[in-house]
Protein chains: 2
Amino acid sequence: MRLSQYFLPTLRDNPSEAQIVSHRLMLRAGMIRQSSAGIYSWLPLGFRVLQKVEQIVREEQDRAGAQELLMPTIQPAELWKESGRYDDYGKEMLRITDRHEREMLFGPTNEELITEIFRASVKTYRDLPKNLYHIQWKFRDEVRPRFGVMRGREFLMKDNYSFDVDAAGARHSYNKMFLAYLRTFARMGLKAIPMRADTGPIGGDLSHEFQILADTGESAVYVDKNFLDVDLLNINVDYDDREAVQKAVDGFTSFYAATDEKHDTAQGEKLGDRLVSARGIEVGHIFYFGTKYSAPLKANVAGPNGETITVEMGSYGIGVSRLVGAIIEASHDASGIIWPDSVAPFDIGLVNLRSGDAKCDAAANDLYAKLQKAGKAVLYDDRGDSAGAKFATMDLIGLPWQAVIGPRGVAAGKVEIKRRATGEKLELATDDAVAKLIG
Amino acid sequence: MRLSQYFLPTLRDNPSEAQIVSHRLMLRAGMIRQSSAGIYSWLPLGFRVLQKVEQIVREEQDRAGAQELLMPTIQPAELWKESGRYDDYGKEMLRITDRHEREMLFGPTNEELITEIFRASVKTYRDLPKNLYHIQWKFRDEVRPRFGVMRGREFLMKDNYSFDVDAAGARHSYNKMFLAYLRTFARMGLKAIPMRADTGPIGGDLSHEFQILADTGESAVYVDKNFLDVDLLNINVDYDDREAVQKAVDGFTSFYAATDEKHDTAQGEKLGDRLVSARGIEVGHIFYFGTKYSAPLKANVAGPNGETITVEMGSYGIGVSRLVGAIIEASHDASGIIWPDSVAPFDIGLVNLRSGDAKCDAAANDLYAKLQKAGKAVLYDDRGDSAGAKFATMDLIGLPWQAVIGPRGVAAGKVEIKRRATGEKLELATDDAVAKLIG
């Protein structure tokens, strides 16, 4: 994509309304624009990141055997009255009356609706287990939306729901999601720490939240330093092997990790200087809640002997739009964002230091074509701006690699490439630069 | 995907509430489930089709130089008061009051919001033209939602908006979308006929709607038979060549084509027996409306001499979720759906006639593995049902190819493959069957 044609409305100055760094950088990098309090449009650069994050979430759900569907945003109030949560949810639920005076709502979560779909379709234990997910916009009418996409009102969430015939099966479904979540976050360059959590309005017996460490995190968290050294990128347990899956989960939960609410000072002290005290951002939350929804909503199946079985359920959420902010909180410097390769909106930023100069243009066009041909997504700054402005924009938007074409380099047949994360620069012959960037 | 594990709640009987064939077949094939009047969940099979349709729309938008972003579903009422449309829209607009008593709405379209984004970001003619699109759920509170996803209340739409410095540029943007739409629909196996249209509540000077022919179409349409023979799959005009683009559009609009409202009986009669009178389903609509929104919303840029230019706009819509129903209306038989290859939820349905038989299972597993390895999406019916039930399900869900493994074939080293669209059957040696199915 040529920057001269791209819709990338960057801002030079820090927007005064943004209190945290991800919000500031997303506004400055032209990733989002607020339309109402806590409601954002995702501009092209931001939308590309959102899609990448969404795709990683999707792939890990599919890999764990979950099946994707899509429920609507607008739900009927009756279902929530059936489960008893219509009143519980209070003012955070966006309530709507349609033209026929029917009570509707913009879904803040989907336990009721998925249970209704399940009960209408699945009648026998033979069809279990099932794990159904969707990635859909939700709405929670926060009283004070803030921090950009980190605590917005309209937000993109992956939520899924497991249905099992018994508690042991439900535990296995829970465990698979536990591991899938660690893999998901690791692929985005995040070290997410699972912590025992309260179940809150979802309810249930067992729950973990996944926190990533960032100075601007909303909660104080405590974690055994040794967990931070665990390699989460290589979780390759066979999901069909219940024992191996349980063992892997037990391994990860054996490290001490707790949010403020659950922190046990005595246990923490035992760790001595292995106790890391930090701030955390919640990026995922998983729940096993048994029959809390299946019982009132009558999600039953016939068992092997014709008996009625109320299915055992769990639900699992990842804040997809929130993750975009969380990744920035965890990965930035004074100059801007530092995207992990896996979620970067483009792989390479190509800077032409002298757009309009025939030799520089030819060299830049050539490099642009070669990188694109190799399947790389390239953002090519072909505008007439100063070198300083171009470098500042590239650092701000944080693409993993920068490739710089200038008159001196062109004369010498060289390209300068820079790794955004480390600042490391290399001057290479064009073909070597291409090889390095293609990786 | 093994059908024994897949969430595919097919129905044996015709649902009484469904009046048209696409609605009936989508319910029977387990593609959708209604949660409220005109509001549907897309179950896994339906969701796969929706994604394929969406991806074709996306690719053709990108190819035509449009850039993707994503605007939220919930919009502030103020913007619509600025444009003067807040009252115009009447009861079809789903109006919402948030917890702070602010007036909001669920967007039925996005002219206002995109114009606000544009005016805040683009200040000079040098940044034009721009064409921005998104694919997002919309809501129109139809008084009598019906026909399943064909006239639902919550629906997925691709809408985009072009911004140009003058009328000639705006016309070129319009023309590119005109061609992109023909390509888009052709790739889905649809022959969409562009027809001069009224501009309705969007307003403007120039508008075409794209109608596909189907017996259950909502409007009467008239078209020159010769248009139906035009090859729409090979529109390869250089989008940057204004004249060539205009010439191509003029070519397509030279054929007589009109909806009932615009039909000119005298002109129609001139065609003699070349006049086809049929029913049409609208799948797209494009508008050039000049400064209708940019003027009240003050979307201005500075011109070359510092003068203020009010940008010229157009908007362009494709009903993505509606297309899924429209494709079925255009492509089905008495046994079920006939998916065009490009949008089929799976490429191949693999039927094991004797699941549980060691030799049949081995042959089916082998074929399943080979087809998947070749990148094909395969739905493998490994259940214990009767042959008749399995064939009926495969015909109902309409995958382009069926591959049948049975004891007789296994003994002879043969696989029977069937093309769903034609019913043509071939008995082939396994490797030949694989080669044929891989294509």
# chains A, B, ... in the order shown; residues from 1 in each chain; ligands from 1

$ select_by_dssp --residues "segment 24-254 of chain A" --states "strand (DSSP E or B)" --output "NGL selection string"
:A and (32-36 or 39-42 or 67-68 or 70 or 74-76 or 94-97 or 103-106 or 124 or 130-139 or 146 or 151 or 154-164 or 192-196 or 206-213 or 219-224)

$ write_last_selection --atoms "C-alpha atoms" --output "PDB file, in the first residue's frame"
ATOM      1  CA  ILE A  32      -9.199   4.477  15.773  1.00  0.00           C
ATOM      2  CA  ARG A  33     -11.571   7.390  16.031  1.00  0.00           C
ATOM      3  CA  GLN A  34     -14.150   7.893  18.759  1.00  0.00           C
ATOM      4  CA  SER A  35     -17.728   8.443  17.618  1.00  0.00           C
ATOM      5  CA  SER A  36     -19.364   8.542  21.061  1.00  0.00           C
ATOM      6  CA  ILE A  39     -17.510   3.742  20.950  1.00  0.00           C
ATOM      7  CA  TYR A  40     -14.879   3.715  18.224  1.00  0.00           C
ATOM      8  CA  SER A  41     -14.461   3.347  14.514  1.00  0.00           C
ATOM      9  CA  TRP A  42     -11.485   1.215  13.542  1.00  0.00           C
ATOM     10  CA  GLN A  67     -16.895 -24.607  16.050  1.00  0.00           C
ATOM     11  CA  GLU A  68     -17.639 -21.104  14.894  1.00  0.00           C
ATOM     12  CA  LEU A  70     -22.428 -16.147  14.789  1.00  0.00           C
ATOM     13  CA  ILE A  74     -29.751  -7.845  19.435  1.00  0.00           C
ATOM     14  CA  GLN A  75     -31.358 -10.393  21.746  1.00  0.00           C
ATOM     15  CA  PRO A  76     -34.877 -10.829  23.090  1.00  0.00           C
ATOM     16  CA  LEU A  94     -28.267  -1.612  26.869  1.00  0.00           C
ATOM     17  CA  ARG A  95     -32.018  -2.095  26.825  1.00  0.00           C
ATOM     18  CA  ILE A  96     -33.981  -1.424  23.684  1.00  0.00           C
ATOM     19  CA  THR A  97     -37.662  -1.321  22.789  1.00  0.00           C
ATOM     20  CA  GLU A 103     -38.192  -5.605  24.993  1.00  0.00           C
ATOM     21  CA  MET A 104     -34.816  -6.313  23.396  1.00  0.00           C
ATOM     22  CA  LEU A 105     -31.205  -5.755  24.424  1.00  0.00           C
ATOM     23  CA  PHE A 106     -27.757  -5.452  22.894  1.00  0.00           C
ATOM     24  CA  THR A 124     -29.027 -36.934  22.845  1.00  0.00           C
ATOM     25  CA  LYS A 130     -19.956 -29.587  21.752  1.00  0.00           C
ATOM     26  CA  ASN A 131     -18.018 -26.367  21.966  1.00  0.00           C
ATOM     27  CA  LEU A 132     -19.450 -23.418  20.044  1.00  0.00           C
ATOM     28  CA  TYR A 133     -17.880 -19.996  19.694  1.00  0.00           C
ATOM     29  CA  HIS A 134     -18.482 -16.722  17.990  1.00  0.00           C
ATOM     30  CA  ILE A 135     -16.620 -13.464  17.571  1.00  0.00           C
ATOM     31  CA  GLN A 136     -19.135 -10.682  17.747  1.00  0.00           C
ATOM     32  CA  TRP A 137     -19.565  -7.097  18.926  1.00  0.00           C
ATOM     33  CA  LYS A 138     -20.966  -6.763  22.414  1.00  0.00           C
ATOM     34  CA  PHE A 139     -22.181  -3.753  24.339  1.00  0.00           C
ATOM     35  CA  ARG A 146     -12.256   5.217  29.366  1.00  0.00           C
ATOM     36  CA  ARG A 151     -12.721  -0.205  28.451  1.00  0.00           C
ATOM     37  CA  GLU A 154     -19.019  -1.479  22.125  1.00  0.00           C
ATOM     38  CA  PHE A 155     -16.296  -4.108  21.992  1.00  0.00           C
ATOM     39  CA  LEU A 156     -15.378  -7.206  20.049  1.00  0.00           C
ATOM     40  CA  MET A 157     -15.313 -10.396  22.048  1.00  0.00           C
ATOM     41  CA  LYS A 158     -14.741 -14.045  21.302  1.00  0.00           C
ATOM     42  CA  ASP A 159     -16.987 -16.048  23.563  1.00  0.00           C
ATOM     43  CA  ASN A 160     -17.586 -19.730  23.536  1.00  0.00           C
ATOM     44  CA  TYR A 161     -19.655 -22.243  25.348  1.00  0.00           C
ATOM     45  CA  SER A 162     -19.005 -25.889  26.055  1.00  0.00           C
ATOM     46  CA  PHE A 163     -21.676 -28.536  26.574  1.00  0.00           C
ATOM     47  CA  ASP A 164     -20.796 -31.827  28.198  1.00  0.00           C
ATOM     48  CA  ALA A 192      -0.613 -14.213  29.837  1.00  0.00           C
ATOM     49  CA  ILE A 193      -0.688 -15.446  33.400  1.00  0.00           C
ATOM     50  CA  PRO A 194      -3.622 -17.607  34.460  1.00  0.00           C
ATOM     51  CA  MET A 195      -4.966 -16.680  37.885  1.00  0.00           C
ATOM     52  CA  ARG A 196      -7.724 -18.165  39.976  1.00  0.00           C
ATOM     53  CA  LEU A 206     -14.162 -22.716  38.819  1.00  0.00           C
ATOM     54  CA  SER A 207     -12.718 -19.770  36.975  1.00  0.00           C
ATOM     55  CA  HIS A 208      -9.414 -18.399  35.781  1.00  0.00           C
ATOM     56  CA  GLU A 209      -8.599 -15.041  34.374  1.00  0.00           C
ATOM     57  CA  PHE A 210      -5.615 -14.409  32.131  1.00  0.00           C
ATOM     58  CA  GLN A 211      -3.590 -11.337  32.984  1.00  0.00           C
ATOM     59  CA  ILE A 212      -0.772  -9.784  31.056  1.00  0.00           C
ATOM     60  CA  LEU A 213       1.735  -7.583  32.824  1.00  0.00           C
ATOM     61  CA  SER A 219      -5.286  -4.538  38.856  1.00  0.00           C
ATOM     62  CA  ALA A 220      -2.389  -5.320  41.147  1.00  0.00           C
ATOM     63  CA  VAL A 221      -1.174  -8.866  40.523  1.00  0.00           C
ATOM     64  CA  TYR A 222       1.321 -11.171  42.186  1.00  0.00           C
ATOM     65  CA  VAL A 223       3.144 -13.910  40.393  1.00  0.00           C
ATOM     66  CA  ASP A 224       5.983 -16.371  40.902  1.00  0.00           C
TER      67      ASP A 224
END

$ residues_around --residues "segment 375-389 of chain B" --least-positions-apart "2" --cutoff "9 Å" --atoms "only C-alpha atoms" --output "CSV table (one decimal) with C-alpha atoms, in the first residue's frame"
chain,number,residue,atom,x,y,z
B,1,MET,CA,-15.0,-32.1,9.5
B,2,ARG,CA,-16.6,-35.3,10.7
B,3,LEU,CA,-20.3,-35.0,10.7
B,4,SER,CA,-20.5,-37.0,13.9
B,6,TYR,CA,-20.3,-31.2,13.6
B,345,PRO,CA,-19.5,-24.3,2.9
B,346,PHE,CA,-17.4,-27.4,2.1
B,347,ASP,CA,-16.0,-28.5,-1.3
B,348,ILE,CA,-16.8,-32.1,-0.9
B,349,GLY,CA,-19.3,-34.3,1.1
B,350,LEU,CA,-17.8,-37.7,1.8
B,351,VAL,CA,-20.3,-40.4,2.5
B,352,ASN,CA,-19.4,-43.6,4.1
B,353,LEU,CA,-22.2,-46.0,3.4
B,354,ARG,CA,-21.2,-48.4,6.0
B,355,SER,CA,-19.6,-46.6,9.0
B,356,GLY,CA,-18.3,-49.2,11.4
B,361,ASP,CA,-13.8,-46.9,7.4
B,364,ALA,CA,-13.1,-43.4,3.8
B,365,ASN,CA,-10.4,-42.2,6.2
B,368,TYR,CA,-10.7,-37.9,3.7
B,370,LYS,CA,-6.0,-37.2,0.9
B,371,LEU,CA,-8.6,-34.6,0.1
B,372,GLN,CA,-7.8,-32.5,3.1
B,373,LYS,CA,-4.1,-32.7,2.4
B,391,PHE,CA,-27.7,-39.0,0.6
B,392,ALA,CA,-30.7,-36.8,1.5
B,393,THR,CA,-28.6,-34.8,3.9
B,394,MET,CA,-25.9,-34.3,1.3
B,399,LEU,CA,-22.0,-29.3,-1.5
B,437,LEU,CA,-12.1,-33.8,-6.9
B,438,ILE,CA,-8.9,-31.8,-6.5

$ residues_around --residues "Arg420 of chain B" --least-positions-apart "6" --cutoff "7 Å" --atoms "only C-alpha atoms" --output "number ranges by chain"
B: 338, 398-401

$ closest_residue --among "B:Asp205, B:Phe7, B:Glu17, B:Lys390" --to "Leu128 of chain A" --atoms "only C-alpha atoms"
B:Phe7

$ atom_distance --atom1 "atom CA of Lys91 of chain A" --atom2 "atom CA of Met71 of chain A"
22.4 Å

$ closest_residue --among "A:Tyr125, A:Tyr174, A:Tyr288, A:Phe252" --to "chain B" --atoms "only C-alpha atoms"
A:Tyr125
